[in-house]
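Report on the following structure.
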Amino acid sequence: MTIKQIILLGPQYSTWEGWNASLVHYFGEEPIPYMPDENDWYTVANDVVQLPTFAPYYPPDPYQYEKWQEWVDDFIIAVNGPTN
């Protein structure tokens with residue numbers, strides 16, 4: 001049985017540090033690195049998309065994005081599904 005993951009916090013309401021901390025908090029069973037420096041977002045995002053919890057949702061490749069906020073928007077859509 002697959003359990004649907006839901007990411008609640010969008011980037012428009014957070015800083016990178018806050019978003020990364022929320023991901024660690026809500027998915028603490030996963031080895032998600034906490035790297036509060038915004039310059040490290042690619043490292044965290046790359047680790048996250050490879051985790052078995054998220055990989056089945058085909059999350060976007062972070063290296064296709066310049067800004068973490070854009071990647072998070074698409075990551076949330078991949079995991080939660082479209083909101084329309």
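Just so we're on the same page: first chain in the structure tokens is A, next is B, and so on; residues restart at 1 for each chain, and ligands are numbered from 1 in the order they show up.
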
Residue neighbourhood Phe75 in chain A, 8 Å, only C-alpha atoms, exclusion window fewer than 4 positions, as a VMD selection string: chain A and resid 59 to 60 71 79

Residues from the last selection, N, CA and C atoms, saved as a PDB file, in the first residue's frame:
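This is the output file again.pdb:
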ATOM      1  N   PRO A  59       9.998  13.554  -8.746  1.00  0.00           N
ATOM      2  CA  PRO A  59      10.249  14.966  -8.448  1.00  0.00           C
ATOM      3  C   PRO A  59      11.200  15.585  -9.465  1.00  0.00           C
ATOM      4  N   PRO A  60      11.117  16.886  -9.650  1.00  0.00           N
ATOM      5  CA  PRO A  60      11.945  17.541 -10.659  1.00  0.00           C
ATOM      6  C   PRO A  60      13.428  17.573 -10.271  1.00  0.00           C
ATOM      7  N   TRP A  71      11.996  25.428  -7.757  1.00  0.00           N
ATOM      8  CA  TRP A  71      12.094  23.972  -7.623  1.00  0.00           C
ATOM      9  C   TRP A  71      11.071  23.470  -6.605  1.00  0.00           C
ATOM     10  N   VAL A  79       4.683  15.920  -5.779  1.00  0.00           N
ATOM     11  CA  VAL A  79       4.330  15.084  -4.641  1.00  0.00           C
ATOM     12  C   VAL A  79       2.838  15.158  -4.310  1.00  0.00           C
TER      13      VAL A  79
END

Near range 36-39 of chain A, within 12 Å and counting only C-alpha atoms, which residues show up once chain neighbours fewer than 5 positions away are dropped, as a PDB file with C-alpha atoms, in the first residue's frame?
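Writing done, so here's selection21.pdb:
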ATOM      1  CA  SER A  14       9.179  30.596   4.072  1.00  0.00           C
ATOM      2  CA  THR A  15      12.906  31.103   3.833  1.00  0.00           C
ATOM      3  CA  TRP A  16      15.162  28.301   2.626  1.00  0.00           C
ATOM      4  CA  GLU A  17      16.224  27.648   6.219  1.00  0.00           C
ATOM      5  CA  GLY A  18      12.590  27.370   7.322  1.00  0.00           C
ATOM      6  CA  TRP A  19      11.546  25.171   4.416  1.00  0.00           C
ATOM      7  CA  ASN A  20      14.512  22.833   4.867  1.00  0.00           C
ATOM      8  CA  ALA A  21      13.799  22.623   8.608  1.00  0.00           C
ATOM      9  CA  SER A  22      10.131  21.803   7.947  1.00  0.00           C
ATOM     10  CA  LEU A  23      11.070  19.025   5.557  1.00  0.00           C
ATOM     11  CA  VAL A  24      13.424  17.554   8.174  1.00  0.00           C
ATOM     12  CA  VAL A  44      19.602  19.116  -0.111  1.00  0.00           C
ATOM     13  CA  ALA A  45      17.234  19.000  -3.090  1.00  0.00           C
ATOM     14  CA  GLU A  66      18.101  28.617 -10.744  1.00  0.00           C
ATOM     15  CA  LYS A  67      16.026  29.393  -7.650  1.00  0.00           C
ATOM     16  CA  TRP A  68      15.077  27.041  -4.857  1.00  0.00           C
ATOM     17  CA  GLN A  69      11.577  28.568  -4.724  1.00  0.00           C
TER      18      GLN A  69
END

I'd like the contact shell of Asn46 in chain A - 10 Å cut-off, only C-alpha atoms, skipping same-chain residues fewer than 2 positions apart - returned as a ChimeraX atom specification. /A:41-44,48-51,59-63

File dump, residues just selected, C-alpha atoms, as a CSV table (one decimal), in the first residue's frame:
chain,number,residue,atom,x,y,z
A,41,TRP,CA,19.9,24.1,-1.5
A,42,TYR,CA,21.0,22.1,-4.6
A,43,THR,CA,22.7,19.5,-2.3
A,44,VAL,CA,19.6,19.1,-0.1
A,48,VAL,CA,15.6,14.6,-1.4
A,49,VAL,CA,14.6,13.6,-4.9
A,50,GLN,CA,16.6,10.4,-4.6
A,51,LEU,CA,14.9,9.2,-1.4
A,59,PRO,CA,10.2,15.0,-8.4
A,60,PRO,CA,11.9,17.5,-10.7
A,61,ASP,CA,15.7,17.7,-11.1
A,62,PRO,CA,16.9,20.6,-9.0
A,63,TYR,CA,19.7,21.3,-11.4

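Candidate residues A:Asp73, A:Glu30, A:Asp47, A:Asp40 were compared for distance to Gly10 in chain A, and the nearest is A:Asp73, using only C-alpha atoms.
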
Between CA of Thr53 in chain A and CA of Gln12 in chain A, what is the distance in Å, rounded to a tenth?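 These two atoms are separated by 23.8 Å.
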
Between A:Tyr58, A:His25, A:Gln64, A:Pro31, single out the one closest to Ile76 in chain A, counting only C-alpha atoms.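 Selected residue with least distance to Ile76 in chain A: A:Tyr58.
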